[in-house]
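**Student:** Submitted below is the structure of interest, expressed as C-alpha cells.
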Amino acid sequence: MHALTACGITKAYGGVTALAGADLTLRPGSVHALLGENGAGKSTLIKVITGAVAPDSGSLRLADAEVSFASTAHAAANGVAVVSQELNLFPDLDVLANLYPMREPTRGPLLDRRAMLDRAVPVLRQLGLDVDPRVRLGTLSLAQRQLVEIAKALIVEPRVLILDEPTSALDPDSSERLLDILRVLRDRQVAVVFVSHILEEVMTLCDEITVLREGRTVLDAAPRSSLDIGGIVHAMLGQDLPTVSRGTSRRIGPGLELRGVSVPDRLSDVSLTCSGGEIVGLAGLAGSGHTAVLEVIAGLRRPSSGSVALPGGKFPSSFRSAIASGVALVSGDRRRVGLMLDKPVWENVAQVQPVALSSRGLLRPSTLRASASTLAAQVQVRPLNVDLRAGLLSGGNQQKAVLAKWLAAAPTVLLLDDPTRGVDLGARAEIHSLLRMVADEGKVVVLCSTDLDELVAACDRVLVFHKGTVCAELTDFDQHTILRTMNTGAP
Amino acid sequence: MTEVDRRVVARGARALRAESSSVLVATIVLVLLIGVLRPAFLTVGQLKDVLNNSVYVALLAAGMAFLLAMREIDLSVGAMFGLSLITSALLMRDGFDPWLACLAGIALGAVLGLANALVVQHIAIPAFVATLATMQLYRGLAVALGDGQQVTGLPLEHSFFAVLGGDLLGLPVSVWILVVVTAGLTVVLRWTPFGYRVRSIGSNPDAAAFSGISIPRTRLYVLVLVGAVAGLAGVLGLAFFTSGDPNIGIGFELQAIAAAVIGGTPLRGGVATVVGAVFGAVLLGVVSSGLVYFSIPANWSSFATGLVVLLAVGVDSALRSRQRARESMLGL
C-alpha cells in the first residue's frame, strides 16, 4: 500500500508549463528524495500535494482513496504536513504555543495547557529536543528551532511529511541529527519527502529518489542503492550537453586579487584572481563560500586573514569604501535591496552616482532624467520611460534598472549575486549580453549564481567552491561538470 | 506658446502640485470661509497675527518634514524650542549682547540635535524613543534653568527685539525668515544629494544602504538641522514674546507632526514637502484663531482642532487614493 500517489499531474501558470504529467509514489516508512534543477517543477508538485495550488489534471490518492485538497488546511487535516524552508515560528511565544498554531486544545474559552503539554512532551523527547516547553522560542538555537518546526508538523500525526530543504537552516554537523530524526519518522511509518539541493546529503539520508525534469518525472522512486551522484546529475540535466570551449579568457584590464583569505566558518585560505575583461562565475552549494567571496570583495565582511586588492590596489574596508573604489553589487533580491519601488526609475538610477557618492552642488531633475534615459536605453529597460515607478516594471526590467544605477557609477568591478532570479528567459539573455558588454570594456565581472544554465551561458571560467575552499577552476565546463564538482568537491 | 514654454509651464505645475498639494487650497478656502461668516477675521492685523503665531510650529514642521521623509520622528522639537528660548533669555538678562545670545540659542539647538543623534547612534534605538527621553530632559533643563519662573528683565530697547520682533515691508520679520528658511530647506530637500539621500532612506532603507548611502551620517545631519531650526524658532519666539517662559512650546512637537502630515508628508517616508508642512502649520493657526470668532468655548478648542486635523488628513487621503486609481487605470 502506498501512502500517497500523485499520477499524471499537470499545471500551467498562464502560458508557462510548470508540471507536464509528473508522478510521485510514496511508501510509508520510507524517506523519499525529490530532486530537480531550479524550475523543474519540484515546488509546484509540493504545492499540489499540500493543497496550495489545484492541479489542471491528474489524480492524487492518499492511502488508496482519491482526494483533492481545497486548501493547505484541508491537506493538513488529511495528514499531509510540510516543514518549510523559512521557519514559520513566533520567537516571542513559548515553545508550547508554537507547536499549536491555530489549533490549540481548549477547555471552555481557555487554553488547555495540560493537554498541550501531554501531547507535546513525547514528540519533543523522540526528536531529542531537550528543552523546557515553556521557554521562549527566541532563546533557542537555529537548529533547535528547526526541530520545533518538525515537532509542530509531527504533533498532528501526519501520514506524509514534506521536508523542504530542511538542512538550509541547520549547522554543518546536522546530518547526524537529521538521520536520527528520519529514523524516528521511519519508525512512525511516516512517508517523508525530502527536498534538497545537496546530493551528498540525499545519498546518505534517503531510501528512494524521484527526479523531475521540465515538469516530468524522469526517475520514478528509484532505490538509492541503484544510483550514484553522476547518475542523478545525468537524470536532472538530461542528455549530455556539448561542452562549450571557452578558449583563452581575455585579460584586458586591471584585475582583482584575493590572497589567502579566511573568514571564520565561511572561507579558509582562498586565493583567486579575476582580470578585467573576463566574466568569472562562482558556483557552490549554499554555504560553501562563494557568496562570502562576494561579501569580502564588497567590504560587507572583513576577512580574518589574507589580503584583498581591488583594481588599483585598494582594500575594501567597508561597503562604502568599496563603492568609492569602483565596486558595484547587483543583488538578486532587487525588491528588497535593489530598488525604491515607490520612486520613478530616474531616481533609482540616480541613487548611486549623483546621490550617494557626490556631495556638492545641486542636482537638477532634468539632468538626472536625461542621464537616466541614456542608461536605461543602454540596458534596454522596457518600457523606456524613466518617470515610471520602479515597482510597476517587470522583474527583468527592474533588474536592468538596478544594473543601470550601478553602471552610472562607472564601476571597475561588477559583482552579481543571482542577478536573474525570477527573470524571464528573454530578459535574462539581455542581461547576460550586458554583462559581456561591461566585461569588454575591461571591467572585472564576478557572477555568483544558483542557476547552472546561467553560469554556462555567461561565464568565461567558473570557480567551484566546496566547504569554504576553491575546489576547482573550470575552463571547459557544462552544467554536469559544475553540478558534479560542487557536490563532490572534486573536478 | 512654444514647446519650451509649454514644458516650463508643465514643470512649474508639477513642482507646485508636488510641493503644496491640497493644503494651500484648504488654507485659503478656510480663511475665506471664516471671513465670509465673520468679516472681522479678514483684517490685515488679524491675518498678520495668525501668521506670526504660526511661525514657530511652522519652522518645527519644516524640520519635521525632513525627519518624516527618512522614517524618523523627533519628539523633542518643542523642548529644544523652549530650552533655546530660555537660554538666550538668561544670557541676555545676565548682560550678554542680545545678538550674541541669539546666535548662542541657535547653536544650542544644533547641539541638542547632535545630542539626539548621538543617543540614537550609540544606544541604537529609534529616534522616536530617544527623543521621547530627551524631550523630558530638555524641558526639565529649561524649567530648572528658569527656576520655574518667567525670565524677565531683558534689554527690550536693544535692536535685537526691534529687528526680529518688528515688521518689514508690511509683514513680521519672523515671517520673512520663515519664508527664507522654507525656500532654503525646499532646495536642500529637492535638489541636493543630501535631500535625495534623505528621501532614498525613507523610501527603502535597505536599498539606500546597498547603494552606499550612510544612514547614520544622514540621520545625524538631519537631527542637527532640526535642532538648529528649533533653536532659530526659539530666538524668534523670544524676540516676539520679550520674556522667557520655561513652559513655552509644550505640545509643539505634536502640532509640528500634524502640520507636516496635513501638508502632505506621509509617515511612511520617502516623500516630503517643506512648503506643505509650513502651510499645514498655518492651517492649524487659522483654525485655532478662527475658533475664537465663533465663540467656541476655550475648553472646546483643542477638541475642535482635533476634528479639523482629522478632516484635513481624511480629505487628503481620499484625494490621493483617487489619484492613484486614475494612475493605475492609465497604466502608469
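By order in the C-alpha cells, chains are A, B, ...; within a chain, residues start at 1; ligands start at 1, following the order shown.
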Could you give me, as a PyMOL selection string, each residue of range 135-280 of chain A that DSSP assigns to alpha helix (DSSP H) when run on this structure's backbone?
**Tutor:** chain A and resi 142-155+174-187+199-205+229-237
**Student:** For chain A, list the residues within 9 Å of chain B, counting only C-alpha atoms, and write the list as a PyMOL selection string.
**Tutor:** chain A and resi 319-324+328-329+334-343+347-348+351-365+387-389+392+405-406
**Student:** Restricted to C-alpha atoms, what would the selected residues look like written as a PDB file, in the first residue's frame?
**Tutor:**
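Below is the file that was written, selection.pdb:
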ATOM      1  CA  PHE A 319      30.905  48.723   1.744  1.00  0.00           C
ATOM      2  CA  ARG A 320      31.077  52.470   1.210  1.00  0.00           C
ATOM      3  CA  SER A 321      34.829  52.412   0.667  1.00  0.00           C
ATOM      4  CA  ALA A 322      34.420  49.529  -1.771  1.00  0.00           C
ATOM      5  CA  ILE A 323      31.868  51.521  -3.761  1.00  0.00           C
ATOM      6  CA  ALA A 324      34.124  54.548  -3.728  1.00  0.00           C
ATOM      7  CA  ALA A 328      29.217  47.608  -7.800  1.00  0.00           C
ATOM      8  CA  LEU A 329      26.977  44.944  -6.250  1.00  0.00           C
ATOM      9  CA  ARG A 334      16.020  43.562  -6.242  1.00  0.00           C
ATOM     10  CA  ARG A 335      12.752  44.341  -4.484  1.00  0.00           C
ATOM     11  CA  ARG A 336      14.294  44.427  -1.025  1.00  0.00           C
ATOM     12  CA  VAL A 337      17.785  45.821  -1.540  1.00  0.00           C
ATOM     13  CA  GLY A 338      17.891  46.891  -5.161  1.00  0.00           C
ATOM     14  CA  LEU A 339      15.211  49.461  -5.769  1.00  0.00           C
ATOM     15  CA  MET A 340      12.970  52.106  -4.298  1.00  0.00           C
ATOM     16  CA  LEU A 341       9.747  50.674  -5.697  1.00  0.00           C
ATOM     17  CA  ASP A 342       7.690  53.778  -4.961  1.00  0.00           C
ATOM     18  CA  LYS A 343      10.067  56.081  -6.838  1.00  0.00           C
ATOM     19  CA  GLU A 347      15.530  58.491  -9.091  1.00  0.00           C
ATOM     20  CA  ASN A 348      16.580  54.871  -8.723  1.00  0.00           C
ATOM     21  CA  GLN A 351      20.813  56.723  -6.379  1.00  0.00           C
ATOM     22  CA  VAL A 352      24.461  55.664  -6.512  1.00  0.00           C
ATOM     23  CA  GLN A 353      26.477  58.101  -8.559  1.00  0.00           C
ATOM     24  CA  PRO A 354      24.923  61.543  -8.077  1.00  0.00           C
ATOM     25  CA  VAL A 355      23.185  60.877  -4.750  1.00  0.00           C
ATOM     26  CA  ALA A 356      25.333  58.559  -2.639  1.00  0.00           C
ATOM     27  CA  LEU A 357      28.765  59.454  -3.991  1.00  0.00           C
ATOM     28  CA  SER A 358      28.728  63.161  -4.848  1.00  0.00           C
ATOM     29  CA  SER A 359      28.464  65.666  -2.085  1.00  0.00           C
ATOM     30  CA  ARG A 360      28.338  69.158  -3.520  1.00  0.00           C
ATOM     31  CA  GLY A 361      26.137  71.173  -5.739  1.00  0.00           C
ATOM     32  CA  LEU A 362      22.549  70.913  -6.766  1.00  0.00           C
ATOM     33  CA  LEU A 363      21.019  68.017  -8.630  1.00  0.00           C
ATOM     34  CA  ARG A 364      18.741  69.072 -11.455  1.00  0.00           C
ATOM     35  CA  PRO A 365      15.945  66.564 -12.021  1.00  0.00           C
ATOM     36  CA  ASP A 387       9.165  58.603 -14.995  1.00  0.00           C
ATOM     37  CA  LEU A 388       7.540  55.233 -14.403  1.00  0.00           C
ATOM     38  CA  ARG A 389       7.523  53.967 -10.820  1.00  0.00           C
ATOM     39  CA  LEU A 392       5.489  48.789 -11.961  1.00  0.00           C
ATOM     40  CA  LYS A 405      22.089  52.503 -11.498  1.00  0.00           C
ATOM     41  CA  TRP A 406      25.408  50.774 -10.954  1.00  0.00           C
TER      42      TRP A 406
END
**Student:** Can you pull out every residue within 9 Å of Lys42 in chain A, counting only C-alpha atoms, but drop anything in the same chain fewer than 3 positions away, and send it as a PDB file with C-alpha atoms, in the first residue's frame?
**Tutor:**
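See out.pdb below for the written result:
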ATOM      1  CA  ALA A  18       5.257  24.005 -14.575  1.00  0.00           C
ATOM      2  CA  LEU A  19       4.199  20.359 -14.486  1.00  0.00           C
ATOM      3  CA  LEU A  34      12.530  14.776  -4.626  1.00  0.00           C
ATOM      4  CA  LEU A  35      15.173  16.291  -6.876  1.00  0.00           C
ATOM      5  CA  GLY A  36      15.388  18.537  -9.888  1.00  0.00           C
ATOM      6  CA  GLU A  37      17.011  21.694 -11.183  1.00  0.00           C
ATOM      7  CA  ASN A  38      15.584  25.144 -10.482  1.00  0.00           C
ATOM      8  CA  GLY A  39      12.336  25.327 -12.424  1.00  0.00           C
ATOM      9  CA  LEU A  45       4.455  19.474  -7.199  1.00  0.00           C
ATOM     10  CA  ILE A  46       4.839  20.066  -3.453  1.00  0.00           C
ATOM     11  CA  LYS A  47       2.191  22.775  -3.638  1.00  0.00           C
ATOM     12  CA  VAL A 195      13.633  18.190  -0.965  1.00  0.00           C
ATOM     13  CA  VAL A 211      13.870  13.241 -10.191  1.00  0.00           C
ATOM     14  CA  LEU A 212      11.823  15.828 -12.083  1.00  0.00           C
ATOM     15  CA  ARG A 213      12.934  17.488 -15.277  1.00  0.00           C
ATOM     16  CA  GLY A 215       7.759  19.148 -15.283  1.00  0.00           C
TER      17      GLY A 215
END
**Student:** With distances taken over only C-alpha atoms, which of B:Leu178, B:Ala318, B:Ile123, B:Val282 is nearest to Ala230 in chain B?
**Tutor:** B:Leu178
**Student:** Any idea what the distance is between CA of Leu141 in chain B and CA of Ala89 in chain B?
**Tutor:**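 Taking CA of Leu141 in chain B as the start and CA of Ala89 in chain B as the end point, the length is 13.9 Å.
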**Student:** Quick one: everything within 8 Å of Ile262 in chain B, counting only C-alpha atoms, minus sequence neighbours fewer than 5 positions away in the same chain. Send it as a count of residues only.
**Tutor:** 8
**Student:** In Å, with one decimal, what is the gap from CA of Val190 in chain A to CA of Val160 in chain A?
**Tutor:**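 Going from CA of Val190 in chain A over to CA of Val160 in chain A covers 5.8 Å.
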**Student:** Hey, what's within 12 Å of range 451-457 of chain A if we count only C-alpha atoms and toss same-chain stuff fewer than 6 positions away? As a ChimeraX atom specification, please?
**Tutor:** /A:37-40,197,233,236-237,241-246,279-285,332,416-423,425,428-433,435-436,463-464,474-486
**Student:** Those same residues, written as a JSON list (two decimals), in the first residue's frame with C-alpha atoms?
**Tutor:**
[["chain", "number", "residue", "atom", "x", "y", "z"],
["A", 37, "GLU", "CA", 17.01, 21.69, -11.18],
["A", 38, "ASN", "CA", 15.58, 25.14, -10.48],
["A", 39, "GLY", "CA", 12.34, 25.33, -12.42],
["A", 40, "ALA", "CA", 11.99, 21.56, -12.84],
["A", 197, "HIS", "CA", 19.91, 20.63, -3.43],
["A", 233, "VAL", "CA", 23.10, 14.58, -12.17],
["A", 236, "MET", "CA", 18.45, 16.02, -13.53],
["A", 237, "LEU", "CA", 20.04, 17.60, -16.58],
["A", 241, "LEU", "CA", 25.24, 18.79, -23.43],
["A", 242, "PRO", "CA", 28.10, 19.68, -25.72],
["A", 243, "THR", "CA", 30.94, 21.15, -23.68],
["A", 244, "VAL", "CA", 31.42, 24.75, -24.67],
["A", 245, "SER", "CA", 35.01, 25.53, -25.39],
["A", 246, "ARG", "CA", 35.90, 28.86, -23.91],
["A", 279, "ILE", "CA", 33.36, 37.07, -16.58],
["A", 280, "VAL", "CA", 34.19, 34.79, -13.69],
["A", 281, "GLY", "CA", 31.48, 32.54, -12.31],
["A", 282, "LEU", "CA", 31.40, 31.44, -8.67],
["A", 283, "ALA", "CA", 29.48, 28.24, -8.00],
["A", 284, "GLY", "CA", 28.83, 26.13, -4.97],
["A", 285, "LEU", "CA", 26.15, 24.72, -2.72],
["A", 332, "GLY", "CA", 19.05, 39.12, -6.95],
["A", 416, "LEU", "CA", 26.37, 39.96, -9.23],
["A", 417, "ASP", "CA", 24.54, 37.64, -6.86],
["A", 418, "ASP", "CA", 21.92, 35.55, -8.65],
["A", 419, "PRO", "CA", 21.04, 38.53, -10.86],
["A", 420, "THR", "CA", 18.38, 36.78, -12.92],
["A", 421, "ARG", "CA", 16.44, 35.13, -10.11],
["A", 422, "GLY", "CA", 12.81, 35.05, -11.23],
["A", 423, "VAL", "CA", 13.59, 36.80, -14.52],
["A", 425, "LEU", "CA", 14.35, 33.99, -20.39],
["A", 428, "ARG", "CA", 17.90, 37.00, -18.86],
["A", 429, "ALA", "CA", 19.67, 36.74, -22.20],
["A", 430, "GLU", "CA", 19.69, 40.53, -22.48],
["A", 431, "ILE", "CA", 21.23, 40.87, -19.03],
["A", 432, "HIS", "CA", 23.89, 38.33, -19.97],
["A", 433, "SER", "CA", 24.82, 40.27, -23.10],
["A", 435, "LEU", "CA", 27.48, 41.65, -18.70],
["A", 436, "ARG", "CA", 29.56, 40.77, -21.74],
["A", 463, "LEU", "CA", 35.43, 28.68, -9.75],
["A", 464, "VAL", "CA", 33.66, 25.97, -7.79],
["A", 474, "LEU", "CA", 36.76, 25.05, -14.68],
["A", 475, "THR", "CA", 37.53, 26.47, -18.11],
["A", 476, "ASP", "CA", 35.84, 23.75, -20.16],
["A", 477, "PHE", "CA", 32.56, 23.05, -18.48],
["A", 478, "ASP", "CA", 28.89, 22.34, -18.83],
["A", 479, "GLN", "CA", 26.06, 22.06, -16.31],
["A", 480, "HIS", "CA", 27.07, 18.45, -15.50],
["A", 481, "THR", "CA", 30.63, 19.25, -14.57],
["A", 482, "ILE", "CA", 29.63, 22.16, -12.38],
["A", 483, "LEU", "CA", 26.89, 20.27, -10.58],
["A", 484, "ARG", "CA", 29.06, 17.23, -10.04],
["A", 485, "THR", "CA", 32.02, 19.30, -8.84],
["A", 486, "MET", "CA", 30.02, 21.37, -6.39]]
**Student:** Give the strand (DSSP E or B) residues of range 87-248 of chain A, as assigned by DSSP on the backbone, as a ChimeraX atom specification.
**Tutor:** /A:94,106-107,110-111,136,160-164,191-195,208-213,216-223,244
